[in-house]
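> Input structure: coords-v7.cif, which contains mmCIF, N, CA and C atoms.
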```cif
data_protein
#
loop_
_atom_site.label_atom_id
_atom_site.label_comp_id
_atom_site.auth_asym_id
_atom_site.auth_seq_id
_atom_site.Cartn_x
_atom_site.Cartn_y
_atom_site.Cartn_z
N LEU A 1 -12.31 24.72 -6.68
CA LEU A 1 -11.43 25.86 -6.72
C LEU A 1 -11.02 26.15 -8.15
N PRO A 2 -11.43 27.26 -8.74
CA PRO A 2 -10.92 27.60 -10.06
C PRO A 2 -9.43 27.91 -9.94
N THR A 3 -8.65 27.43 -10.84
CA THR A 3 -7.21 27.63 -10.77
C THR A 3 -6.63 27.54 -12.17
N THR A 4 -5.34 27.72 -12.28
CA THR A 4 -4.66 27.51 -13.56
C THR A 4 -3.56 26.51 -13.34
N ASN A 5 -3.17 25.83 -14.42
CA ASN A 5 -2.10 24.86 -14.30
C ASN A 5 -0.76 25.54 -14.58
N ALA A 6 0.30 24.75 -14.66
CA ALA A 6 1.64 25.29 -14.82
C ALA A 6 1.79 26.12 -16.10
N SER A 7 1.04 25.78 -17.13
CA SER A 7 1.14 26.53 -18.39
C SER A 7 0.17 27.71 -18.44
N GLY A 8 -0.55 27.95 -17.34
CA GLY A 8 -1.44 29.10 -17.28
C GLY A 8 -2.82 28.86 -17.84
N ARG A 9 -3.10 27.65 -18.29
CA ARG A 9 -4.42 27.35 -18.83
C ARG A 9 -5.39 27.06 -17.68
N PRO A 10 -6.59 27.59 -17.77
CA PRO A 10 -7.52 27.38 -16.65
C PRO A 10 -8.03 25.95 -16.58
N HIS A 11 -8.17 25.47 -15.36
CA HIS A 11 -8.86 24.22 -15.12
C HIS A 11 -9.51 24.32 -13.75
N PHE A 12 -10.30 23.34 -13.40
CA PHE A 12 -11.06 23.35 -12.16
C PHE A 12 -10.84 22.01 -11.46
N ALA A 13 -10.65 22.05 -10.16
CA ALA A 13 -10.50 20.81 -9.41
C ALA A 13 -11.30 20.92 -8.12
N ALA A 14 -11.91 19.80 -7.72
CA ALA A 14 -12.63 19.73 -6.45
C ALA A 14 -12.49 18.31 -5.94
N GLY A 15 -12.46 18.15 -4.62
CA GLY A 15 -12.31 16.82 -4.07
C GLY A 15 -12.85 16.70 -2.67
N CYS A 16 -12.97 15.46 -2.24
CA CYS A 16 -13.39 15.14 -0.88
C CYS A 16 -12.38 14.12 -0.33
N PHE A 17 -11.85 14.41 0.84
CA PHE A 17 -10.83 13.59 1.47
C PHE A 17 -11.38 13.14 2.83
N ASP A 18 -11.61 11.85 3.00
CA ASP A 18 -12.29 11.33 4.19
C ASP A 18 -11.32 10.46 4.99
N GLY A 19 -10.68 11.08 5.99
CA GLY A 19 -9.73 10.36 6.82
C GLY A 19 -10.39 9.39 7.77
N HIS A 20 -9.68 8.32 8.09
CA HIS A 20 -10.18 7.33 9.05
C HIS A 20 -9.03 6.86 9.93
N GLY A 21 -9.37 6.41 11.11
CA GLY A 21 -8.36 5.96 12.07
C GLY A 21 -7.89 7.11 12.94
N ILE A 22 -7.03 6.79 13.88
CA ILE A 22 -6.58 7.78 14.86
C ILE A 22 -5.85 8.97 14.21
N HIS A 23 -5.17 8.73 13.12
CA HIS A 23 -4.44 9.80 12.43
C HIS A 23 -5.11 10.19 11.11
N GLY A 24 -6.37 9.83 10.96
CA GLY A 24 -7.09 10.09 9.71
C GLY A 24 -7.12 11.55 9.30
N ARG A 25 -7.31 12.44 10.27
CA ARG A 25 -7.34 13.87 9.93
C ARG A 25 -5.98 14.32 9.39
N SER A 26 -4.91 13.85 10.00
CA SER A 26 -3.56 14.21 9.53
C SER A 26 -3.31 13.65 8.13
N VAL A 27 -3.73 12.41 7.92
CA VAL A 27 -3.53 11.79 6.60
C VAL A 27 -4.33 12.54 5.54
N SER A 28 -5.60 12.80 5.80
CA SER A 28 -6.44 13.45 4.78
C SER A 28 -5.95 14.87 4.51
N THR A 29 -5.52 15.59 5.54
CA THR A 29 -5.00 16.95 5.33
C THR A 29 -3.72 16.90 4.50
N PHE A 30 -2.82 15.98 4.84
CA PHE A 30 -1.56 15.83 4.10
C PHE A 30 -1.84 15.52 2.63
N VAL A 31 -2.71 14.53 2.38
CA VAL A 31 -3.00 14.12 1.01
C VAL A 31 -3.69 15.26 0.25
N ARG A 32 -4.62 15.95 0.90
CA ARG A 32 -5.29 17.08 0.24
C ARG A 32 -4.28 18.14 -0.19
N GLN A 33 -3.39 18.49 0.71
CA GLN A 33 -2.41 19.53 0.39
C GLN A 33 -1.44 19.09 -0.70
N LYS A 34 -0.91 17.89 -0.59
CA LYS A 34 0.06 17.40 -1.58
C LYS A 34 -0.58 17.18 -2.95
N LEU A 35 -1.75 16.52 -2.97
CA LEU A 35 -2.40 16.25 -4.25
C LEU A 35 -2.85 17.54 -4.92
N SER A 36 -3.40 18.46 -4.14
CA SER A 36 -3.82 19.75 -4.71
C SER A 36 -2.63 20.46 -5.34
N GLY A 37 -1.51 20.49 -4.63
CA GLY A 37 -0.31 21.13 -5.16
C GLY A 37 0.19 20.47 -6.42
N ARG A 38 0.20 19.15 -6.42
CA ARG A 38 0.66 18.42 -7.60
C ARG A 38 -0.25 18.68 -8.80
N LEU A 39 -1.57 18.68 -8.57
CA LEU A 39 -2.50 18.94 -9.68
C LEU A 39 -2.35 20.35 -10.21
N GLN A 40 -2.11 21.32 -9.33
CA GLN A 40 -1.94 22.70 -9.79
C GLN A 40 -0.69 22.86 -10.64
N ASN A 41 0.34 22.07 -10.33
CA ASN A 41 1.60 22.19 -11.07
C ASN A 41 1.71 21.25 -12.26
N ALA A 42 0.74 20.37 -12.43
CA ALA A 42 0.78 19.40 -13.54
C ALA A 42 0.39 20.07 -14.85
N GLU A 43 0.93 19.57 -15.93
CA GLU A 43 0.61 20.10 -17.25
C GLU A 43 -0.86 19.85 -17.60
N LEU A 44 -1.30 18.60 -17.50
CA LEU A 44 -2.70 18.17 -17.69
C LEU A 44 -3.29 18.40 -19.08
N GLN A 45 -2.57 18.97 -20.00
CA GLN A 45 -3.15 19.30 -21.30
C GLN A 45 -3.06 18.17 -22.31
N HIS A 46 -1.93 17.48 -22.37
CA HIS A 46 -1.72 16.50 -23.44
C HIS A 46 -2.23 15.11 -23.08
N ASP A 47 -2.03 14.70 -21.82
CA ASP A 47 -2.48 13.39 -21.37
C ASP A 47 -2.96 13.50 -19.93
N PRO A 48 -4.14 14.10 -19.74
CA PRO A 48 -4.62 14.35 -18.37
C PRO A 48 -4.73 13.09 -17.53
N VAL A 49 -5.14 11.97 -18.10
CA VAL A 49 -5.30 10.75 -17.33
C VAL A 49 -3.95 10.30 -16.77
N ALA A 50 -2.94 10.28 -17.61
CA ALA A 50 -1.60 9.88 -17.15
C ALA A 50 -1.07 10.87 -16.12
N ASP A 51 -1.29 12.15 -16.34
CA ASP A 51 -0.80 13.17 -15.40
C ASP A 51 -1.51 13.07 -14.06
N ILE A 52 -2.82 12.86 -14.07
CA ILE A 52 -3.58 12.73 -12.82
C ILE A 52 -3.14 11.46 -12.08
N THR A 53 -2.97 10.37 -12.80
CA THR A 53 -2.51 9.12 -12.20
C THR A 53 -1.15 9.31 -11.55
N ARG A 54 -0.24 10.00 -12.24
CA ARG A 54 1.09 10.26 -11.69
C ARG A 54 0.99 11.10 -10.42
N CYS A 55 0.12 12.10 -10.42
CA CYS A 55 -0.06 12.96 -9.24
C CYS A 55 -0.52 12.14 -8.04
N VAL A 56 -1.45 11.21 -8.26
CA VAL A 56 -1.95 10.37 -7.17
C VAL A 56 -0.85 9.45 -6.67
N LYS A 57 -0.14 8.80 -7.57
CA LYS A 57 0.93 7.87 -7.17
C LYS A 57 2.05 8.61 -6.44
N ASP A 58 2.43 9.78 -6.94
CA ASP A 58 3.48 10.56 -6.28
C ASP A 58 3.04 11.04 -4.91
N THR A 59 1.77 11.39 -4.77
CA THR A 59 1.25 11.79 -3.46
C THR A 59 1.29 10.62 -2.49
N ASN A 60 0.96 9.42 -2.97
CA ASN A 60 1.04 8.23 -2.13
C ASN A 60 2.48 8.00 -1.66
N GLU A 61 3.44 8.19 -2.56
CA GLU A 61 4.85 8.04 -2.17
C GLU A 61 5.25 9.10 -1.15
N ASP A 62 4.76 10.33 -1.32
CA ASP A 62 5.02 11.39 -0.33
C ASP A 62 4.49 10.96 1.05
N LEU A 63 3.30 10.39 1.08
CA LEU A 63 2.70 9.96 2.34
C LEU A 63 3.53 8.86 2.98
N LYS A 64 4.01 7.92 2.17
CA LYS A 64 4.86 6.84 2.71
C LYS A 64 6.12 7.40 3.35
N ARG A 65 6.68 8.46 2.77
CA ARG A 65 7.91 9.06 3.29
C ARG A 65 7.66 10.02 4.46
N SER A 66 6.41 10.35 4.69
CA SER A 66 6.10 11.30 5.76
C SER A 66 6.25 10.62 7.12
N ARG A 67 6.13 11.40 8.16
CA ARG A 67 6.22 10.86 9.52
C ARG A 67 4.84 10.50 10.08
N ILE A 68 3.83 10.52 9.24
CA ILE A 68 2.48 10.20 9.70
C ILE A 68 2.33 8.68 9.80
N ASP A 69 1.83 8.22 10.93
CA ASP A 69 1.61 6.79 11.16
C ASP A 69 0.37 6.35 10.39
N THR A 70 0.58 5.56 9.34
CA THR A 70 -0.54 5.11 8.51
C THR A 70 -0.83 3.62 8.69
N LEU A 71 -0.29 3.03 9.76
CA LEU A 71 -0.53 1.60 9.99
C LEU A 71 -2.02 1.31 10.16
N HIS A 72 -2.71 2.14 10.93
CA HIS A 72 -4.14 1.94 11.16
C HIS A 72 -4.95 3.19 10.81
N SER A 73 -4.39 4.04 9.98
CA SER A 73 -5.07 5.28 9.58
C SER A 73 -4.86 5.49 8.09
N GLY A 74 -5.76 6.26 7.50
CA GLY A 74 -5.64 6.54 6.08
C GLY A 74 -6.68 7.54 5.65
N THR A 75 -6.91 7.60 4.36
CA THR A 75 -7.94 8.47 3.82
C THR A 75 -8.47 7.88 2.53
N THR A 76 -9.74 8.11 2.28
CA THR A 76 -10.28 7.86 0.96
C THR A 76 -10.29 9.21 0.25
N VAL A 77 -10.31 9.17 -1.07
CA VAL A 77 -10.26 10.39 -1.87
C VAL A 77 -11.16 10.21 -3.07
N VAL A 78 -11.93 11.22 -3.37
CA VAL A 78 -12.63 11.28 -4.65
C VAL A 78 -12.47 12.71 -5.14
N PHE A 79 -12.11 12.87 -6.40
CA PHE A 79 -11.93 14.22 -6.91
C PHE A 79 -12.23 14.29 -8.39
N ALA A 80 -12.45 15.51 -8.83
CA ALA A 80 -12.74 15.77 -10.24
C ALA A 80 -11.84 16.91 -10.71
N VAL A 81 -11.36 16.80 -11.92
CA VAL A 81 -10.54 17.83 -12.54
C VAL A 81 -11.12 18.09 -13.92
N CYS A 82 -11.42 19.32 -14.21
CA CYS A 82 -11.93 19.70 -15.52
C CYS A 82 -10.79 20.30 -16.33
N VAL A 83 -10.49 19.69 -17.46
CA VAL A 83 -9.41 20.15 -18.34
C VAL A 83 -9.97 20.20 -19.75
N ASN A 84 -9.86 21.35 -20.39
CA ASN A 84 -10.32 21.50 -21.77
C ASN A 84 -11.77 21.04 -21.93
N ASN A 85 -12.62 21.40 -20.99
CA ASN A 85 -14.05 21.07 -21.01
C ASN A 85 -14.36 19.58 -20.86
N TYR A 86 -13.39 18.78 -20.41
CA TYR A 86 -13.61 17.37 -20.10
C TYR A 86 -13.47 17.20 -18.59
N LEU A 87 -14.40 16.48 -17.99
CA LEU A 87 -14.36 16.21 -16.56
C LEU A 87 -13.70 14.86 -16.33
N HIS A 88 -12.60 14.85 -15.61
CA HIS A 88 -11.88 13.63 -15.24
C HIS A 88 -12.14 13.39 -13.77
N VAL A 89 -12.62 12.19 -13.42
CA VAL A 89 -12.89 11.87 -12.03
C VAL A 89 -12.02 10.68 -11.62
N ALA A 90 -11.67 10.67 -10.34
CA ALA A 90 -10.84 9.58 -9.82
C ALA A 90 -11.17 9.37 -8.36
N ASN A 91 -10.90 8.16 -7.89
CA ASN A 91 -11.10 7.88 -6.48
C ASN A 91 -10.06 6.90 -5.98
N VAL A 92 -9.84 6.96 -4.68
CA VAL A 92 -8.99 6.00 -3.98
C VAL A 92 -9.80 5.55 -2.78
N GLY A 93 -9.98 4.26 -2.63
CA GLY A 93 -10.79 3.76 -1.52
C GLY A 93 -12.25 3.69 -1.91
N ASP A 94 -13.10 3.83 -0.91
CA ASP A 94 -14.54 3.66 -1.18
C ASP A 94 -15.31 4.97 -1.19
N SER A 95 -14.65 6.06 -1.54
CA SER A 95 -15.37 7.30 -1.83
C SER A 95 -15.78 7.26 -3.29
N ARG A 96 -17.00 7.65 -3.58
CA ARG A 96 -17.56 7.49 -4.91
C ARG A 96 -18.01 8.82 -5.50
N CYS A 97 -17.79 8.99 -6.78
CA CYS A 97 -18.29 10.16 -7.51
C CYS A 97 -19.56 9.75 -8.25
N VAL A 98 -20.63 10.53 -8.05
CA VAL A 98 -21.92 10.23 -8.65
C VAL A 98 -22.40 11.47 -9.41
N LEU A 99 -22.88 11.28 -10.62
CA LEU A 99 -23.45 12.34 -11.42
C LEU A 99 -24.97 12.28 -11.29
N ALA A 100 -25.56 13.39 -10.92
CA ALA A 100 -27.03 13.46 -10.82
C ALA A 100 -27.54 14.38 -11.91
N SER A 101 -28.65 13.98 -12.53
CA SER A 101 -29.24 14.80 -13.57
C SER A 101 -30.75 14.54 -13.60
N LEU A 102 -31.45 15.43 -14.26
CA LEU A 102 -32.90 15.26 -14.44
C LEU A 102 -33.15 14.69 -15.82
N ASP A 103 -34.02 13.68 -15.89
CA ASP A 103 -34.38 13.15 -17.20
C ASP A 103 -35.48 14.03 -17.80
N ALA A 104 -35.97 13.67 -18.97
CA ALA A 104 -36.96 14.48 -19.69
C ALA A 104 -38.26 14.66 -18.89
N ARG A 105 -38.54 13.75 -17.96
CA ARG A 105 -39.76 13.84 -17.16
C ARG A 105 -39.53 14.58 -15.84
N GLY A 106 -38.30 15.05 -15.63
CA GLY A 106 -38.00 15.77 -14.40
C GLY A 106 -37.65 14.86 -13.23
N THR A 107 -37.39 13.60 -13.51
CA THR A 107 -37.02 12.65 -12.47
C THR A 107 -35.50 12.64 -12.29
N MET A 108 -35.07 12.71 -11.04
CA MET A 108 -33.64 12.69 -10.75
C MET A 108 -33.07 11.30 -11.02
N ARG A 109 -31.99 11.27 -11.76
CA ARG A 109 -31.28 10.03 -12.07
C ARG A 109 -29.84 10.17 -11.59
N SER A 110 -29.25 9.06 -11.21
CA SER A 110 -27.85 9.09 -10.79
C SER A 110 -27.06 8.05 -11.56
N VAL A 111 -25.81 8.38 -11.82
CA VAL A 111 -24.89 7.48 -12.51
C VAL A 111 -23.59 7.49 -11.73
N ASP A 112 -23.12 6.31 -11.31
CA ASP A 112 -21.82 6.22 -10.65
C ASP A 112 -20.73 6.49 -11.68
N LEU A 113 -19.85 7.43 -11.37
CA LEU A 113 -18.74 7.75 -12.27
C LEU A 113 -17.45 7.04 -11.86
N THR A 114 -17.40 6.54 -10.63
CA THR A 114 -16.25 5.78 -10.16
C THR A 114 -16.75 4.51 -9.49
N SER A 115 -15.84 3.56 -9.30
CA SER A 115 -16.15 2.31 -8.60
C SER A 115 -15.35 2.27 -7.31
N ASP A 116 -16.01 1.85 -6.23
CA ASP A 116 -15.33 1.75 -4.94
C ASP A 116 -14.21 0.73 -5.00
N HIS A 117 -13.09 1.05 -4.37
CA HIS A 117 -11.98 0.11 -4.24
C HIS A 117 -12.17 -0.64 -2.93
N LYS A 118 -12.84 -1.77 -3.00
CA LYS A 118 -13.12 -2.58 -1.81
C LYS A 118 -12.50 -3.96 -1.99
N PRO A 119 -11.99 -4.53 -0.91
CA PRO A 119 -11.29 -5.82 -1.03
C PRO A 119 -12.17 -7.00 -1.40
N ASP A 120 -13.50 -6.83 -1.38
CA ASP A 120 -14.36 -7.94 -1.78
C ASP A 120 -14.59 -7.98 -3.29
N ARG A 121 -14.09 -6.98 -4.02
CA ARG A 121 -14.16 -7.02 -5.49
C ARG A 121 -13.04 -7.91 -6.02
N PRO A 122 -13.33 -8.83 -6.92
CA PRO A 122 -12.29 -9.73 -7.43
C PRO A 122 -11.08 -9.01 -8.02
N ASP A 123 -11.29 -7.91 -8.76
CA ASP A 123 -10.15 -7.20 -9.34
C ASP A 123 -9.32 -6.53 -8.24
N GLU A 124 -9.94 -6.05 -7.19
CA GLU A 124 -9.20 -5.47 -6.07
C GLU A 124 -8.44 -6.54 -5.31
N GLN A 125 -9.03 -7.73 -5.16
CA GLN A 125 -8.32 -8.83 -4.50
C GLN A 125 -7.06 -9.17 -5.26
N ARG A 126 -7.17 -9.23 -6.60
CA ARG A 126 -5.99 -9.55 -7.43
C ARG A 126 -4.94 -8.44 -7.28
N ARG A 127 -5.37 -7.18 -7.29
CA ARG A 127 -4.42 -6.07 -7.17
C ARG A 127 -3.71 -6.11 -5.81
N ILE A 128 -4.47 -6.33 -4.76
CA ILE A 128 -3.90 -6.35 -3.41
C ILE A 128 -2.91 -7.50 -3.24
N LEU A 129 -3.25 -8.66 -3.78
CA LEU A 129 -2.42 -9.84 -3.60
C LEU A 129 -1.23 -9.91 -4.55
N SER A 130 -1.21 -9.05 -5.56
CA SER A 130 -0.09 -9.09 -6.52
C SER A 130 1.13 -8.37 -6.00
#
```
Mind converting the file's structure to structure tokens?


Amino acid sequence: LPTTNASGRPHFAAGCFDGHGIHGRSVSTFVRQKLSGRLQNAELQHDPVADITRCVKDTNEDLKRSRIDTLHSGTTVVFAVCVNNYLHVANVGDSRCVLASLDARGTMRSVDLTSDHKPDRPDEQRRILS
């Protein structure tokens, strides 16, 4: 969706929200709406990484305060925001952003731009247990 931020500067955002569990659709819809709104209202010009991180964390807090039962439901999220001709990608859970391109021989190549947040990764285990 082409859009502008709070200061009127153009940026672009796109994402995929994959709900799971009995209330997964409600969770993914809620997160999509809240995160999209937060990103549209964020400054994003001076420190996009910090601003995007804050938007994700604040959206998570909104979800915790909501009436949606998240005990056995949730959503994964992967999204990209283009600010000042830089593409910032982020994910929550095991949704992954992949860049595909053609090499000089015309062969399709892919590069993972994000890493899945899975509990079998040692760094994720440390984060979960801390």

> Apply the PyMOL selection byres ((chain A and resi 38) around 8) to the file shown and report the selected residues as a PyMOL selection string.

chain A and resi 32-37+39-43+51-52+54-56+59

> As a check of understanding, name the residues that the PyMOL selection byres (((chain A and resi 48 and name CA) around 12) and name CA) selects in the supplied structure, as a list in words.

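Expected selection for the PyMOL selection byres (((chain A and resi 48 and name CA) around 12) and name CA) here is Asn5, His11, Leu39, Ala42, Glu43, Leu44, Gln45, His46, Asp47, Val49, Ala50, Asp51, Ile52, Thr53, Arg54, Cys55, Ala80, Val81, Cys82, Val83, Asn84, Asn85, Tyr86, Leu87, His88, Val89 and Ala90 of chain A.
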
> In terms of the shortest atom-to-atom distance over all atoms listed in the file, which of A:Arg127, A:Asp62, A:Ile68, A:Gly93 is closest to Ser26 (chain A)?

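For Ser26 (chain A), the nearest of the given residues is A:Ile68.
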
> To one decimal place in Å, what is the distance between CA of Gly19 (chain A) and CA of Asp112 (chain A)?

21.6 Å

> Please report the interatomic distance between atom N of Asp18 (chain A) and CA of Val78 (chain A) in Å with one decimal.

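Interatomic distance, atom N of Asp18 (chain A) to CA of Val78 (chain A): 7.7 Å.
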
> Which parts of chain A does DSSP call alpha helix (DSSP H) when run on the backbone here, written out as JSON, numbers by chain?

{"A": [24, 25, 26, 27, 28, 29, 30, 31, 32, 33, 34, 35, 36, 37, 38, 39, 40, 41, 48, 49, 50, 51, 52, 53, 54, 55, 56, 57, 58, 59, 60, 61, 62, 63, 64, 65, 122, 123, 124, 125, 126, 127, 128, 129]}

> For N, CA and C atoms, I'd like the residues from the last selection saved as a compact mmCIF listing (two decimals), in the coordinates of the input.


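Wrote result.txt, looks like this:
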```
# COMPACT_ATOMS: atom_id res chain seq x y z
N GLY A 24 -6.37 9.83 10.96
CA GLY A 24 -7.09 10.09 9.71
C GLY A 24 -7.12 11.55 9.30
N ARG A 25 -7.31 12.44 10.27
CA ARG A 25 -7.34 13.87 9.93
C ARG A 25 -5.98 14.32 9.39
N SER A 26 -4.91 13.85 10.00
CA SER A 26 -3.56 14.21 9.53
C SER A 26 -3.31 13.65 8.13
N VAL A 27 -3.73 12.41 7.92
CA VAL A 27 -3.53 11.79 6.60
C VAL A 27 -4.33 12.54 5.54
N SER A 28 -5.60 12.80 5.80
CA SER A 28 -6.44 13.45 4.78
C SER A 28 -5.95 14.87 4.51
N THR A 29 -5.52 15.59 5.54
CA THR A 29 -5.00 16.95 5.33
C THR A 29 -3.72 16.90 4.50
N PHE A 30 -2.82 15.98 4.84
CA PHE A 30 -1.56 15.83 4.10
C PHE A 30 -1.84 15.52 2.63
N VAL A 31 -2.71 14.53 2.38
CA VAL A 31 -3.00 14.12 1.01
C VAL A 31 -3.69 15.26 0.25
N ARG A 32 -4.62 15.95 0.90
CA ARG A 32 -5.29 17.08 0.24
C ARG A 32 -4.28 18.14 -0.19
N GLN A 33 -3.39 18.49 0.71
CA GLN A 33 -2.41 19.53 0.39
C GLN A 33 -1.44 19.09 -0.70
N LYS A 34 -0.91 17.89 -0.59
CA LYS A 34 0.06 17.40 -1.58
C LYS A 34 -0.58 17.18 -2.95
N LEU A 35 -1.75 16.52 -2.97
CA LEU A 35 -2.40 16.25 -4.25
C LEU A 35 -2.85 17.54 -4.92
N SER A 36 -3.40 18.46 -4.14
CA SER A 36 -3.82 19.75 -4.71
C SER A 36 -2.63 20.46 -5.34
N GLY A 37 -1.51 20.49 -4.63
CA GLY A 37 -0.31 21.13 -5.16
C GLY A 37 0.19 20.47 -6.42
N ARG A 38 0.20 19.15 -6.42
CA ARG A 38 0.66 18.42 -7.60
C ARG A 38 -0.25 18.68 -8.80
N LEU A 39 -1.57 18.68 -8.57
CA LEU A 39 -2.50 18.94 -9.68
C LEU A 39 -2.35 20.35 -10.21
N GLN A 40 -2.11 21.32 -9.33
CA GLN A 40 -1.94 22.70 -9.79
C GLN A 40 -0.69 22.86 -10.64
N ASN A 41 0.34 22.07 -10.33
CA ASN A 41 1.60 22.19 -11.07
C ASN A 41 1.71 21.25 -12.26
N PRO A 48 -4.14 14.10 -19.74
CA PRO A 48 -4.62 14.35 -18.37
C PRO A 48 -4.73 13.09 -17.53
N VAL A 49 -5.14 11.97 -18.10
CA VAL A 49 -5.30 10.75 -17.33
C VAL A 49 -3.95 10.30 -16.77
N ALA A 50 -2.94 10.28 -17.61
CA ALA A 50 -1.60 9.88 -17.15
C ALA A 50 -1.07 10.87 -16.12
N ASP A 51 -1.29 12.15 -16.34
CA ASP A 51 -0.80 13.17 -15.40
C ASP A 51 -1.51 13.07 -14.06
N ILE A 52 -2.82 12.86 -14.07
CA ILE A 52 -3.58 12.73 -12.82
C ILE A 52 -3.14 11.46 -12.08
N THR A 53 -2.97 10.37 -12.80
CA THR A 53 -2.51 9.12 -12.20
C THR A 53 -1.15 9.31 -11.55
N ARG A 54 -0.24 10.00 -12.24
CA ARG A 54 1.09 10.26 -11.69
C ARG A 54 0.99 11.10 -10.42
N CYS A 55 0.12 12.10 -10.42
CA CYS A 55 -0.06 12.96 -9.24
C CYS A 55 -0.52 12.14 -8.04
N VAL A 56 -1.45 11.21 -8.26
CA VAL A 56 -1.95 10.37 -7.17
C VAL A 56 -0.85 9.45 -6.67
N LYS A 57 -0.14 8.80 -7.57
CA LYS A 57 0.93 7.87 -7.17
C LYS A 57 2.05 8.61 -6.44
N ASP A 58 2.43 9.78 -6.94
CA ASP A 58 3.48 10.56 -6.28
C ASP A 58 3.04 11.04 -4.91
N THR A 59 1.77 11.39 -4.77
CA THR A 59 1.25 11.79 -3.46
C THR A 59 1.29 10.62 -2.49
N ASN A 60 0.96 9.42 -2.97
CA ASN A 60 1.04 8.23 -2.13
C ASN A 60 2.48 8.00 -1.66
N GLU A 61 3.44 8.19 -2.56
CA GLU A 61 4.85 8.04 -2.17
C GLU A 61 5.25 9.10 -1.15
N ASP A 62 4.76 10.33 -1.32
CA ASP A 62 5.02 11.39 -0.33
C ASP A 62 4.49 10.96 1.05
N LEU A 63 3.30 10.39 1.08
CA LEU A 63 2.70 9.96 2.34
C LEU A 63 3.53 8.86 2.98
N LYS A 64 4.01 7.92 2.17
CA LYS A 64 4.86 6.84 2.71
C LYS A 64 6.12 7.40 3.35
N ARG A 65 6.68 8.46 2.77
CA ARG A 65 7.91 9.06 3.29
C ARG A 65 7.66 10.02 4.46
N PRO A 122 -13.33 -8.83 -6.92
CA PRO A 122 -12.29 -9.73 -7.43
C PRO A 122 -11.08 -9.01 -8.02
N ASP A 123 -11.29 -7.91 -8.76
CA ASP A 123 -10.15 -7.20 -9.34
C ASP A 123 -9.32 -6.53 -8.24
N GLU A 124 -9.94 -6.05 -7.19
CA GLU A 124 -9.20 -5.47 -6.07
C GLU A 124 -8.44 -6.54 -5.31
N GLN A 125 -9.03 -7.73 -5.16
CA GLN A 125 -8.32 -8.83 -4.50
C GLN A 125 -7.06 -9.17 -5.26
N ARG A 126 -7.17 -9.23 -6.60
CA ARG A 126 -5.99 -9.55 -7.43
C ARG A 126 -4.94 -8.44 -7.28
N ARG A 127 -5.37 -7.18 -7.29
CA ARG A 127 -4.42 -6.07 -7.17
C ARG A 127 -3.71 -6.11 -5.81
N ILE A 128 -4.47 -6.33 -4.76
CA ILE A 128 -3.90 -6.35 -3.41
C ILE A 128 -2.91 -7.50 -3.24
N LEU A 129 -3.25 -8.66 -3.78
CA LEU A 129 -2.42 -9.84 -3.60
C LEU A 129 -1.23 -9.91 -4.55
```

> Any chance you could list, as a ChimeraX atom specification, the residues in chain A that come up strand (DSSP E) when DSSP is run on the backbone?

/A:2-4,10-20,74-83,86-92,98-102,108-112

> What box, with edges along x, y and z, holds each listed atom of region 14-32 of chain A when 3 Å is added on every side, and can you state its centre and edge lengths in Å to one decimal, as AutoDock Vina command-line options?


```
--center_x -7.5 --center_y 12.9 --center_z 3.6 --size_x 17.8 --size_y 19.8 --size_z 28.6
```

> Figure out the distance between CA of Asp116 (chain A) and CA of Val98 (chain A), please, to one decimal in Å.

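These atoms are spaced 11.4 Å apart.
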
> Compare A:Arg25, A:Ser115, A:Met108, A:Asn91 by their minimum atom-to-atom distance to Ser73 (chain A), counting all atoms listed in the file, and give me the closest one.

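Ranking A:Arg25, A:Ser115, A:Met108, A:Asn91 by distance to Ser73 (chain A), first place goes to A:Arg25.
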
> Using only N, CA and C atoms, which of A:Asn60, A:Ser28, A:Ser95, A:Thr114 sits nearest Gly74 (chain A)?

A:Ser28
